[in-house]
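Participant: My structure is in final_16.txt, and what it holds is compact mmCIF, C-alpha atoms:
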# COMPACT_ATOMS: atom_id res chain seq x y z
CA MET A 1172 94.75 91.58 66.31
CA LYS A 1173 93.19 94.45 64.39
CA LEU A 1174 95.63 96.93 65.86
CA ARG A 1175 98.60 94.72 65.00
CA ARG A 1176 97.38 94.51 61.40
CA ASN A 1177 97.12 98.30 61.14
CA LEU A 1178 100.61 98.66 62.51
CA ASP A 1179 101.93 96.30 59.85
CA GLU A 1180 100.19 98.28 57.13
CA GLN A 1181 101.76 101.49 58.38
CA GLU A 1182 105.16 99.82 58.43
CA LEU A 1183 104.58 98.60 54.90
CA GLU A 1184 103.67 102.09 53.70
CA ASN A 1185 106.78 103.50 55.32
CA LEU A 1186 108.84 100.86 53.53
CA ILE A 1187 107.27 101.81 50.21
CA ALA A 1188 107.95 105.50 50.91
CA ASN A 1189 111.61 104.75 51.64
CA LEU A 1190 111.86 102.57 48.54
CA LEU A 1191 110.54 105.38 46.34
CA ARG A 1192 112.86 107.92 47.92
CA ALA A 1193 115.89 105.62 47.57
CA GLY A 1194 115.01 105.02 43.90
CA VAL A 1195 114.76 108.73 43.12
CA VAL A 1196 117.97 109.60 45.00
CA THR A 1197 119.95 106.80 43.30
CA ALA A 1198 118.62 107.80 39.88
CA ALA A 1199 119.44 111.47 40.46
CA LEU A 1200 122.99 110.61 41.59
CA VAL A 1201 123.66 108.49 38.49
CA VAL A 1202 122.23 111.25 36.27
CA ILE A 1203 124.45 113.84 38.00
CA GLY A 1204 127.48 111.55 37.57
CA GLY A 1205 126.79 111.26 33.84
CA ALA A 1206 126.14 115.01 33.63
CA VAL A 1207 129.58 115.83 35.06
CA PHE A 1208 131.26 113.77 32.33
CA TYR A 1209 128.91 115.13 29.66
CA LEU A 1210 129.38 118.81 30.57
CA GLY A 1211 133.12 118.32 31.04
CA SER A 1212 133.77 116.58 27.74
CA HIS A 1213 132.40 119.13 25.25
CA PRO A 1214 130.99 122.16 27.07
CA TRP A 1215 131.11 124.57 24.12
CA LEU A 1216 129.41 122.33 21.58
CA ARG A 1217 126.33 123.93 20.00
CA VAL A 1218 123.02 122.27 20.87
CA ASP A 1219 119.97 122.12 18.64
CA TYR A 1220 116.78 120.27 19.51
CA ARG A 1221 114.68 121.92 16.79
CA THR A 1222 114.46 118.81 14.67
CA PHE A 1223 113.63 115.34 15.91
CA ARG A 1224 116.30 112.81 15.02
CA GLY A 1225 115.43 110.07 17.49
CA GLU A 1226 118.10 108.43 19.61
CA PRO A 1227 120.82 105.91 18.64
CA GLU A 1228 119.94 102.25 19.22
CA GLU A 1229 122.02 101.90 22.40
CA LEU A 1230 119.88 104.58 24.12
CA LYS A 1231 116.55 103.01 23.18
CA THR A 1232 116.51 99.59 24.86
CA VAL A 1233 117.04 98.50 28.45
CA HIS A 1234 119.96 96.16 27.71
CA GLY A 1235 121.47 98.64 25.25
CA ILE A 1236 121.49 101.39 27.89
CA VAL A 1237 122.97 99.14 30.58
CA ARG A 1238 125.72 97.81 28.29
CA CYS A 1239 126.62 101.24 26.96
CA ALA A 1240 126.61 102.84 30.44
CA PHE A 1241 129.16 100.33 31.68
CA SER A 1242 131.43 101.25 28.78
CA GLY A 1243 131.55 104.67 30.42
CA GLN A 1244 129.84 106.91 27.85
CA ALA A 1245 128.43 110.07 29.47
CA ARG A 1246 125.11 110.13 27.56
CA CYS A 1247 124.53 106.45 28.36
CA LEU A 1248 125.28 107.00 32.04
CA MET A 1249 122.66 109.78 32.19
CA GLN A 1250 120.20 107.55 30.34
CA LEU A 1251 120.90 104.75 32.88
CA GLY A 1252 119.95 107.19 35.65
CA LEU A 1253 116.70 108.00 33.84
CA LEU A 1254 116.07 104.27 33.40
CA LEU A 1255 116.51 103.76 37.17
CA LEU A 1256 113.96 106.53 37.69
CA ILE A 1257 111.49 104.78 35.37
CA ALA A 1258 112.16 101.51 37.22
CA THR A 1259 111.27 103.03 40.62
CA PRO A 1260 107.46 102.86 40.14
CA VAL A 1261 107.92 99.34 38.71
CA ALA A 1262 109.73 98.31 41.90
CA ARG A 1263 106.88 99.85 43.89
CA VAL A 1264 104.33 97.70 42.01
CA ILE A 1265 106.43 94.53 42.57
CA PHE A 1266 106.57 95.43 46.25
CA SER A 1267 102.76 95.77 46.34
CA ALA A 1268 102.43 92.35 44.68
CA VAL A 1269 104.53 90.81 47.45
CA ALA A 1270 102.48 92.64 50.09
CA PHE A 1271 99.16 91.41 48.66
CA THR A 1272 100.56 87.87 48.52
CA ILE A 1273 101.50 88.02 52.20
CA GLU A 1274 98.06 89.40 53.05
CA GLY A 1275 96.50 86.57 51.02
CA ASP A 1276 94.47 89.04 48.93
CA ARG A 1277 94.25 87.13 45.65
CA MET A 1278 91.97 89.64 43.92
CA TYR A 1279 94.39 92.53 44.46
CA LEU A 1280 97.37 90.33 43.67
CA LEU A 1281 95.75 89.75 40.26
CA PHE A 1282 95.14 93.50 39.74
CA THR A 1283 98.74 94.24 40.69
CA LEU A 1284 100.07 91.61 38.30
CA ILE A 1285 98.03 93.12 35.45
CA VAL A 1286 99.58 96.55 36.13
CA LEU A 1287 103.03 94.95 36.37
CA GLY A 1288 102.44 93.16 33.07
CA VAL A 1289 101.59 96.46 31.33
CA LEU A 1290 104.70 98.13 32.77
CA LEU A 1291 107.04 95.29 31.78
CA TYR A 1292 105.52 95.14 28.33
CA SER A 1293 106.14 98.87 27.91
CA LEU A 1294 109.77 98.58 29.05
CA PHE A 1295 110.76 95.39 27.26
CA GLY A 1296 108.25 94.77 24.50
CA SER A 1297 107.09 98.13 23.21
CA PHE A 1298 109.56 98.16 20.32
CA LEU A 1299 107.05 95.75 18.79
CA ILE A 1300 104.49 98.56 18.36
CA ALA A 1301 106.84 101.56 18.27
CA MET B 294 123.48 128.19 22.51
CA ASN B 295 126.26 125.88 23.66
CA VAL B 296 125.93 122.89 25.96
CA ILE B 297 126.74 124.78 29.19
CA GLU B 298 124.36 127.70 28.54
CA PHE B 299 121.53 125.49 27.33
CA THR B 300 121.83 122.99 30.19
CA PHE B 301 121.96 125.75 32.83
CA LEU B 302 119.02 127.74 31.42
CA VAL B 303 116.83 124.64 30.99
CA TRP B 304 117.75 123.54 34.52
CA ALA B 305 116.87 126.97 35.97
CA GLY B 306 113.58 127.14 34.05
CA SER B 307 112.61 123.64 35.18
CA LEU B 308 113.51 124.49 38.77
CA ILE B 309 111.16 127.49 38.75
CA ALA B 310 108.42 125.44 37.06
CA GLY B 311 108.77 122.67 39.65
CA PHE B 312 108.85 125.15 42.52
CA LEU B 313 105.73 127.03 41.42
CA GLY B 314 103.96 123.81 40.49
CA ALA B 315 104.45 122.32 43.95
CA LEU B 316 103.73 125.58 45.75
CA THR B 317 100.43 126.17 43.96
CA GLY B 318 99.47 122.50 43.74
CA LEU B 319 99.00 122.87 40.00
CA GLY B 320 101.92 120.58 39.14
CA GLY B 321 105.10 121.64 37.36
CA GLY B 322 104.76 119.16 34.53
CA VAL B 323 102.10 121.07 32.66
CA VAL B 324 104.29 124.12 31.98
CA LEU B 325 107.44 122.17 31.02
CA VAL B 326 106.42 121.26 27.49
CA PRO B 327 105.34 124.83 26.57
CA LEU B 328 108.51 126.15 28.26
CA LEU B 329 110.76 123.85 26.22
CA THR B 330 108.95 124.19 22.90
CA ILE B 331 108.14 127.93 22.97
CA PHE B 332 111.23 129.36 24.69
CA PHE B 333 113.94 126.81 23.93
CA HIS B 334 112.66 125.75 20.48
CA VAL B 335 112.84 122.07 21.41
CA ASP B 336 111.02 119.60 19.17
CA LEU B 337 107.67 118.59 20.70
CA ARG B 338 108.59 114.89 20.97
CA TYR B 339 111.83 115.56 22.86
CA ALA B 340 109.96 118.01 25.12
CA ILE B 341 107.25 115.45 25.90
CA GLY B 342 109.88 112.79 26.65
CA ALA B 343 111.81 115.02 29.07
CA SER B 344 108.62 116.19 30.76
CA LEU B 345 107.37 112.64 31.33
CA VAL B 346 110.63 111.62 33.01
CA SER B 347 110.44 114.58 35.39
CA VAL B 348 106.83 113.66 36.23
CA ILE B 349 108.07 110.30 37.55
CA ALA B 350 110.73 112.07 39.62
CA THR B 351 108.30 114.45 41.34
CA SER B 352 105.63 111.81 41.87
CA SER B 353 108.00 109.32 43.50
CA GLY B 354 109.85 112.05 45.40
CA SER B 355 106.77 113.57 46.98
CA ALA B 356 104.89 110.27 47.45
CA ALA B 357 107.42 109.52 50.16
CA ALA B 358 106.09 112.48 52.14
CA TYR B 359 102.41 111.68 51.51
CA VAL B 360 102.50 107.96 52.24
CA LYS B 361 103.74 108.57 55.77
CA GLU B 362 100.67 110.68 56.56
CA GLY B 363 98.43 107.70 55.79
CA PHE B 364 95.97 109.43 53.45
CA SER B 365 96.47 107.44 50.26
CA ASN B 366 94.34 104.38 49.52
CA ILE B 367 96.58 101.74 47.97
CA ARG B 368 93.67 99.52 46.84
CA ILE B 369 91.87 102.32 44.99
CA GLY B 370 95.21 103.35 43.47
CA MET B 371 96.16 99.87 42.32
CA PHE B 372 92.75 99.09 40.82
CA LEU B 373 92.62 102.37 38.91
CA GLU B 374 96.22 101.95 37.76
CA ILE B 375 94.95 99.13 35.51
CA ALA B 376 92.97 101.83 33.66
CA THR B 377 95.67 104.53 33.72
CA THR B 378 98.53 102.27 32.56
CA LEU B 379 96.49 100.81 29.68
CA GLY B 380 95.40 104.35 28.76
CA ALA B 381 99.01 105.52 28.97
CA LEU B 382 100.14 102.77 26.59
CA LEU B 383 97.46 103.85 24.12
CA GLY B 384 98.38 107.53 24.50
CA ALA B 385 102.10 106.87 24.03
CA TYR B 386 101.30 104.75 20.99
CA LEU B 387 99.22 107.60 19.55
CA THR B 388 102.00 110.22 19.85
CA ALA B 389 103.61 108.72 16.76
CA LYS B 390 100.34 108.60 14.82
CA VAL B 391 98.86 112.00 15.69
CA PRO B 392 100.45 115.04 13.96
CA ALA B 393 102.46 117.35 16.25
CA SER B 394 100.12 120.28 15.53
CA ALA B 395 97.13 118.27 16.82
CA ILE B 396 99.06 117.31 19.97
CA ALA B 397 99.85 121.00 20.51
CA VAL B 398 96.15 121.91 20.20
CA ILE B 399 95.11 119.18 22.68
CA PHE B 400 97.89 120.38 24.98
CA GLY B 401 96.66 123.97 24.79
CA LEU B 402 93.08 122.96 25.60
CA MET B 403 94.29 120.83 28.49
CA LEU B 404 96.31 123.72 29.95
CA VAL B 405 93.33 126.08 29.84
CA TYR B 406 91.11 123.39 31.34
CA SER B 407 93.47 122.56 34.21
CA ALA B 408 93.80 126.26 35.09
CA TYR B 409 90.00 126.49 35.07
CA VAL B 410 89.55 123.42 37.29
CA SER B 411 92.03 124.78 39.83
CA ARG B 412 89.94 127.94 40.23
CA HIS B 413 86.56 126.22 40.42
CA THR B 414 86.77 123.32 42.83
CA ARG B 415 83.16 122.61 43.66
CA PRO B 416 82.57 121.86 47.33
CA ARG B 417 80.80 118.53 47.52
CA THR B 418 77.68 118.09 49.58
CA GLU B 419 78.17 115.14 51.87
CA VAL B 420 75.17 112.84 51.55
CA GLU B 421 74.91 109.68 53.63
CA GLN B 422 74.39 106.86 51.16
CA SER B 423 74.45 103.15 51.69
CA PRO B 424 77.78 101.60 50.61
CA ASP B 425 78.15 100.76 46.93
CA PRO B 426 78.14 96.95 46.39
CA LEU B 427 80.89 96.99 43.74
CA ALA B 428 83.18 99.25 45.76
CA THR B 429 82.55 97.07 48.81
CA LYS B 430 83.40 93.95 46.86
CA LEU B 431 86.61 95.64 45.70
CA LYS B 432 87.41 96.55 49.34
CA MET B 433 87.83 100.23 48.48
CA ASN B 434 86.06 101.81 51.44
CA GLY B 435 88.60 103.06 53.92
CA THR B 436 89.58 105.42 56.69
CA PHE B 437 91.91 108.39 56.94
CA PRO B 438 93.28 110.37 59.86
CA ASP B 439 91.27 113.51 60.63
CA THR B 440 91.43 116.12 63.38
CA SER B 441 88.89 114.03 65.28
CA GLY B 442 90.65 110.68 64.86
CA LEU B 443 90.05 108.16 62.08
CA ARG B 444 87.27 109.06 59.64
CA SER B 445 85.74 106.35 57.46
CA TYR B 446 84.48 106.88 53.92
CA ASN B 447 82.63 104.96 51.22
CA VAL B 448 83.49 104.87 47.53
CA TYR B 449 80.96 105.01 44.67
CA GLY B 450 80.83 105.18 40.87
CA VAL B 451 83.67 102.73 40.24
CA PRO B 452 82.94 102.16 36.49
CA THR B 453 82.77 105.92 35.77
CA GLY B 454 85.96 106.54 37.72
CA PHE B 455 87.68 103.69 35.87
CA GLY B 456 86.62 105.18 32.52
CA VAL B 457 87.82 108.70 33.37
CA MET B 458 91.10 107.20 34.60
CA PHE B 459 91.62 105.48 31.26
CA GLY B 460 91.23 108.90 29.62
CA ALA B 461 93.61 110.49 32.14
CA GLY B 462 96.18 107.79 31.37
CA ALA B 463 95.80 108.31 27.62
CA LEU B 464 96.32 112.08 28.02
CA SER B 465 99.36 111.44 30.21
CA GLY B 466 100.87 109.17 27.56
CA LEU B 467 100.00 111.50 24.70
CA LEU B 468 101.24 114.74 26.29
CA GLY B 469 103.96 113.56 28.70
CA ILE B 470 102.20 115.03 31.73
CA GLY B 471 100.99 113.61 35.04
CA SER B 472 97.36 114.62 34.40
CA GLY B 473 96.88 114.81 38.15
CA ALA B 474 93.99 117.29 37.79
CA LEU B 475 91.93 114.77 35.83
CA LYS B 476 92.83 111.94 38.20
CA VAL B 477 91.62 113.98 41.16
CA VAL B 478 88.39 114.84 39.29
CA ALA B 479 87.77 111.14 38.64
CA MET B 480 88.20 110.18 42.29
CA ASP B 481 86.78 113.29 43.92
CA GLN B 482 83.73 113.90 41.71
CA ALA B 483 82.93 110.49 40.18
CA MET B 484 83.93 108.18 43.00
CA LYS B 485 83.23 110.49 45.98
CA VAL B 486 86.64 109.81 47.53
CA PRO B 487 87.50 112.47 50.17
CA PHE B 488 89.65 115.25 48.69
CA LYS B 489 92.75 114.56 50.80
CA VAL B 490 92.66 110.87 49.93
CA SER B 491 92.13 111.51 46.21
CA THR B 492 94.98 114.04 45.88
CA THR B 493 97.51 111.81 47.62
CA THR B 494 96.33 108.64 45.86
CA SER B 495 96.47 110.50 42.53
CA ASN B 496 100.04 111.56 43.21
CA PHE B 497 100.86 107.96 44.06
CA MET B 498 99.41 106.78 40.73
CA ILE B 499 101.11 109.41 38.55
CA GLY B 500 104.54 107.71 38.70
CA VAL B 501 103.19 104.28 37.73
CA THR B 502 101.09 105.78 34.92
CA ALA B 503 104.06 107.71 33.55
CA ALA B 504 106.31 104.63 33.77
CA ALA B 505 103.85 102.81 31.48
CA SER B 506 104.36 105.33 28.67
CA ALA B 507 108.06 105.91 29.43
CA GLY B 508 109.00 102.50 28.01
CA VAL B 509 107.28 103.31 24.72
CA TYR B 510 108.90 106.78 24.64
CA LEU B 511 112.30 105.22 25.26
CA SER B 512 112.01 102.73 22.42
CA ARG B 513 110.89 105.51 20.07
CA GLY B 514 113.88 107.70 20.96
CA TYR B 515 111.82 110.51 22.58
CA ILE B 516 113.97 110.53 25.70
CA ASP B 517 117.21 112.41 25.08
CA PRO B 518 119.50 112.13 28.12
CA ALA B 519 121.22 115.50 27.61
CA LEU B 520 117.84 117.30 27.56
CA ALA B 521 116.04 115.21 30.18
CA MET B 522 118.96 115.59 32.62
CA PRO B 523 118.57 119.32 33.41
CA VAL B 524 114.75 119.08 33.23
CA MET B 525 114.55 116.19 35.69
CA LEU B 526 117.12 117.61 38.13
CA GLY B 527 115.53 121.08 37.97
CA VAL B 528 111.95 119.94 38.51
CA LEU B 529 112.94 117.52 41.27
CA ILE B 530 114.85 120.12 43.30
CA GLY B 531 112.25 122.82 42.58
CA SER B 532 109.30 120.72 43.68
CA LEU B 533 111.06 119.51 46.82
CA MET B 534 111.73 123.17 47.70
CA GLY B 535 108.11 124.00 46.87
CA THR B 536 106.66 121.38 49.22
CA ARG B 537 108.94 122.66 52.01
CA VAL B 538 107.75 126.25 51.61
CA LEU B 539 104.15 125.20 50.99
CA VAL B 540 103.12 125.08 54.62
CA LYS B 541 104.51 128.48 55.49
CA THR B 542 103.25 130.76 52.75
CA GLN B 543 99.93 132.24 51.70
CA THR B 544 99.60 130.92 48.16
CA LYS B 545 96.31 132.43 46.99
CA LEU B 546 97.77 135.28 44.92
CA LEU B 547 100.51 133.03 43.58
CA ARG B 548 97.91 130.49 42.43
CA ILE B 549 96.04 133.18 40.51
CA VAL B 550 99.25 134.43 38.86
CA PHE B 551 100.49 130.93 38.03
CA SER B 552 97.15 129.79 36.60
CA GLY B 553 97.19 132.99 34.52
CA VAL B 554 100.61 131.96 33.18
CA ILE B 555 99.25 128.48 32.42
CA VAL B 556 96.31 129.95 30.46
CA LEU B 557 98.66 132.18 28.43
CA LEU B 558 100.97 129.23 27.65
CA GLY B 559 97.91 127.17 26.72
CA LEU B 560 96.66 129.82 24.30
CA GLU B 561 100.14 130.12 22.78
CA MET B 562 100.30 126.33 22.25
CA LEU B 563 96.79 126.39 20.78
CA LEU B 564 97.66 129.22 18.41
CA LYS B 565 100.98 127.71 17.35
CA GLY B 566 99.31 124.34 16.81
CA LEU B 567 96.49 125.83 14.71
CA THR B 568 98.85 127.92 12.56
CA GLY B 569 101.17 124.95 11.95
CA GLY B 570 104.02 126.16 14.18
CA PHE B 571 104.94 122.59 15.16
Spell out the structure here as structure tokens.
Facilitator:
Amino acid sequence: MKLRRNLDEQELENLIANLLRAGVVTAALVVIGGAVFYLGSHPWLRVDYRTFRGEPEELKTVHGIVRCAFSGQARCLMQLGLLLLIATPVARVIFSAVAFTIEGDRMYLLFTLIVLGVLLYSLFGSFLIA
Amino acid sequence: MNVIEFTFLVWAGSLIAGFLGALTGLGGGVVLVPLLTIFFHVDLRYAIGASLVSVIATSSGSAAAYVKEGFSNIRIGMFLEIATTLGALLGAYLTAKVPASAIAVIFGLMLVYSAYVSRHTRPRTEVEQSPDPLATKLKMNGTFPDTSGLRSYNVYGVPTGFGVMFGAGALSGLLGIGSGALKVVAMDQAMKVPFKVSTTTSNFMIGVTAAASAGVYLSRGYIDPALAMPVMLGVLIGSLMGTRVLVKTQTKLLRIVFSGVIVLLGLEMLLKGLTGGF
């Protein structure tokens, strides 16, 4: 029984590892896709990051980025890739919540949900304090 | 500089930073912000945003390798992530309130400190103590694979570790770094977690911590896709190459050189911050 349990935990950790890797690879591919369009469209434009101007609204919120990326803008596509990267640890935490539920570990399910709450607040609600 | 030149040079610089960071175990994230601000004249907020994104990439990318070895302790990680994510929210919130020059000074001090810590890792004397009741209640005591089979360990000092982790999270959110050095200190020194377990668990936590401040950065417009793109791709490829080479090379001299570079960059940030260069 004990051995079986350990085996399951190892399987679970392997799943998490694959999830993280898949998230990073997908994000990188989307970023590269956007980069090809971006570099191809105005390669000789001068760049200047000396002064902080902030980003336009469509690059600052989750739904703005998704909507703009599907309209095919290069900068938005790159930002969507970065958003997928940010979402990878969130997916990992959701996965842990499911795992703790299956194990019946209520205490750690609660801890995981607190962490998930902070992450979701940051992604969807932080414009309230920004 | 035009788009092509800038993108290529930032990508190459980030690749070297990621490579050396992984090879020496000092992390590539710490040198990115000085690299971008000092050499590429990027505004501090954009630099911090790009650096934070690349921290998530390296953490998630290398966690895949660590998790399979079975060293990381998911319960310790998850419990302490409550502290690091709340700290990260606070830190990210503070980036808009604290003047850039002050952030540069804190950054400089942190660079010098992390170079110092990497040179002076105190060997811990193993004392047999009875298990800590709080850590036992939190089911943190665990085992990890050793040369002689599974080795079990006990965890102590949970409140202290939790407090230091909150600070590590706040620094991560304020400076756009992984603050892995501080996370390892919290687990290794305060909580007496074995070194191998604390380094891998720390790496596991870095991505989640950074994700907590990334949302705030995003909504403030700190994350510029055209800048973060070459940084993230460079660091990711560099660090993956670094972990591959890691096992085969003697890294002692390289560590000394790289920590020397970190100290110099730290002093430069400190000086620029104090003289109002930001």
Participant: Against chain A, which residues of chain B fall within 6 Å? For each one I want the closest pair of atoms and the distance in Å (one decimal), counting only C-alpha atoms, rows by chain and increasing residue number, as JSON lines.
Facilitator:
{"residue": "B:Met294", "atom": "CA", "partner": "A:Arg1217", "partner_atom": "CA", "distance": 5.7}
{"residue": "B:Asn295", "atom": "CA", "partner": "A:Arg1217", "partner_atom": "CA", "distance": 4.1}
{"residue": "B:Val296", "atom": "CA", "partner": "A:Pro1214", "partner_atom": "CA", "distance": 5.2}
{"residue": "B:Ile297", "atom": "CA", "partner": "A:Pro1214", "partner_atom": "CA", "distance": 5.4}
{"residue": "B:His334", "atom": "CA", "partner": "A:Arg1221", "partner_atom": "CA", "distance": 5.7}
{"residue": "B:Val335", "atom": "CA", "partner": "A:Tyr1220", "partner_atom": "CA", "distance": 4.7}
{"residue": "B:Asp336", "atom": "CA", "partner": "A:Arg1221", "partner_atom": "CA", "distance": 4.9}
{"residue": "B:Ser353", "atom": "CA", "partner": "A:Leu1191", "partner_atom": "CA", "distance": 5.5}
{"residue": "B:Gly354", "atom": "CA", "partner": "A:Arg1192", "partner_atom": "CA", "distance": 5.7}
{"residue": "B:Ala357", "atom": "CA", "partner": "A:Ala1188", "partner_atom": "CA", "distance": 4.1}
{"residue": "B:Lys361", "atom": "CA", "partner": "A:Asn1185", "partner_atom": "CA", "distance": 5.9}
{"residue": "B:Ile375", "atom": "CA", "partner": "A:Val1286", "partner_atom": "CA", "distance": 5.3}
{"residue": "B:Gly500", "atom": "CA", "partner": "A:Pro1260", "partner_atom": "CA", "distance": 5.8}
{"residue": "B:Val501", "atom": "CA", "partner": "A:Pro1260", "partner_atom": "CA", "distance": 5.1}
{"residue": "B:Ala504", "atom": "CA", "partner": "A:Ile1257", "partner_atom": "CA", "distance": 5.4}
{"residue": "B:Ala505", "atom": "CA", "partner": "A:Leu1290", "partner_atom": "CA", "distance": 4.9}
{"residue": "B:Gly508", "atom": "CA", "partner": "A:Leu1294", "partner_atom": "CA", "distance": 4.1}
{"residue": "B:Val509", "atom": "CA", "partner": "A:Ser1297", "partner_atom": "CA", "distance": 5.4}
{"residue": "B:Leu511", "atom": "CA", "partner": "A:Lys1231", "partner_atom": "CA", "distance": 5.2}
{"residue": "B:Ser512", "atom": "CA", "partner": "A:Lys1231", "partner_atom": "CA", "distance": 4.6}
{"residue": "B:Arg513", "atom": "CA", "partner": "A:Ala1301", "partner_atom": "CA", "distance": 5.9}
{"residue": "B:Gly514", "atom": "CA", "partner": "A:Gly1225", "partner_atom": "CA", "distance": 4.5}
{"residue": "B:Pro518", "atom": "CA", "partner": "A:Gln1250", "partner_atom": "CA", "distance": 5.1}
Participant: Env of B:Val528: 10 Å cut, atoms = only C-alpha atoms, seq-sep filter 5 positions within chain, self excluded. Answer as a list in words.
Facilitator: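 The contact residues come out as Trp304, Ala305, Gly306, Ser307, Leu308, Ile309, Ala310, Gly311, Phe312, Leu313, Gly314, Ala315, Gly321, Gly322, Leu325, Ser344, Ser347, Val348, Ala350, Thr351, Pro523, Leu533 and Met534 of chain B.
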Participant: Could you check which of B:Phe455, B:Phe400, B:Phe437, B:Phe299 is closest to B:Pro327, using only C-alpha atoms?
Facilitator: B:Phe400
Participant: Please measure the separation of atom CA of B:Gly384 and atom CA of B:Leu427, giving the value in Å to one decimal.
Facilitator: 28.1 Å
Participant: If we draw a sphere of 10 Å around (85.4, 107.2, 38.2), which residues have at least one atom in it when counting only C-alpha atoms? Please report them as JSON, numbers by chain.
Facilitator: {"B": [373, 448, 449, 450, 451, 452, 453, 454, 455, 456, 457, 458, 459, 476, 477, 478, 479, 480, 481, 482, 483, 484, 485, 486]}
Participant: Mind pulling up the distance from atom CA of B:Leu319 to atom CA of B:Thr388?
Facilitator: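 Atom CA of B:Leu319 lies at a distance of 24.0 Å from atom CA of B:Thr388.
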Participant: For the atom pair atom CA of B:Thr377 and atom CA of B:Ala474, what is the interatomic distance in Å to one decimal place?
Facilitator: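 Atom-to-atom, atom CA of B:Thr377 and atom CA of B:Ala474 are spaced 13.5 Å apart.
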Participant: Pick out the residues sitting within 12 Å of B:Leu402, and hand them over as a PDB file with C-alpha atoms, in the frame of the given file; count only C-alpha atoms, and ignore anything fewer than 3 positions along from it in its own chain.
Facilitator:
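And here is the file that came out, result.pdb:
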ATOM      1  CA  VAL B 323     102.100 121.070  32.660  1.00  0.00           C
ATOM      2  CA  ALA B 395      97.130 118.270  16.820  1.00  0.00           C
ATOM      3  CA  ILE B 396      99.060 117.310  19.970  1.00  0.00           C
ATOM      4  CA  ALA B 397      99.850 121.000  20.510  1.00  0.00           C
ATOM      5  CA  VAL B 398      96.150 121.910  20.200  1.00  0.00           C
ATOM      6  CA  ILE B 399      95.110 119.180  22.680  1.00  0.00           C
ATOM      7  CA  VAL B 405      93.330 126.080  29.840  1.00  0.00           C
ATOM      8  CA  TYR B 406      91.110 123.390  31.340  1.00  0.00           C
ATOM      9  CA  SER B 407      93.470 122.560  34.210  1.00  0.00           C
ATOM     10  CA  ALA B 408      93.800 126.260  35.090  1.00  0.00           C
ATOM     11  CA  TYR B 409      90.000 126.490  35.070  1.00  0.00           C
ATOM     12  CA  LEU B 464      96.320 112.080  28.020  1.00  0.00           C
ATOM     13  CA  LEU B 468     101.240 114.740  26.290  1.00  0.00           C
ATOM     14  CA  ILE B 555      99.250 128.480  32.420  1.00  0.00           C
ATOM     15  CA  VAL B 556      96.310 129.950  30.460  1.00  0.00           C
ATOM     16  CA  LEU B 557      98.660 132.180  28.430  1.00  0.00           C
ATOM     17  CA  LEU B 558     100.970 129.230  27.650  1.00  0.00           C
ATOM     18  CA  GLY B 559      97.910 127.170  26.720  1.00  0.00           C
ATOM     19  CA  LEU B 560      96.660 129.820  24.300  1.00  0.00           C
ATOM     20  CA  GLU B 561     100.140 130.120  22.780  1.00  0.00           C
ATOM     21  CA  MET B 562     100.300 126.330  22.250  1.00  0.00           C
ATOM     22  CA  LEU B 563      96.790 126.390  20.780  1.00  0.00           C
ATOM     23  CA  LEU B 564      97.660 129.220  18.410  1.00  0.00           C
ATOM     24  CA  GLY B 566      99.310 124.340  16.810  1.00  0.00           C
ATOM     25  CA  LEU B 567      96.490 125.830  14.710  1.00  0.00           C
TER      26      LEU B 567
END
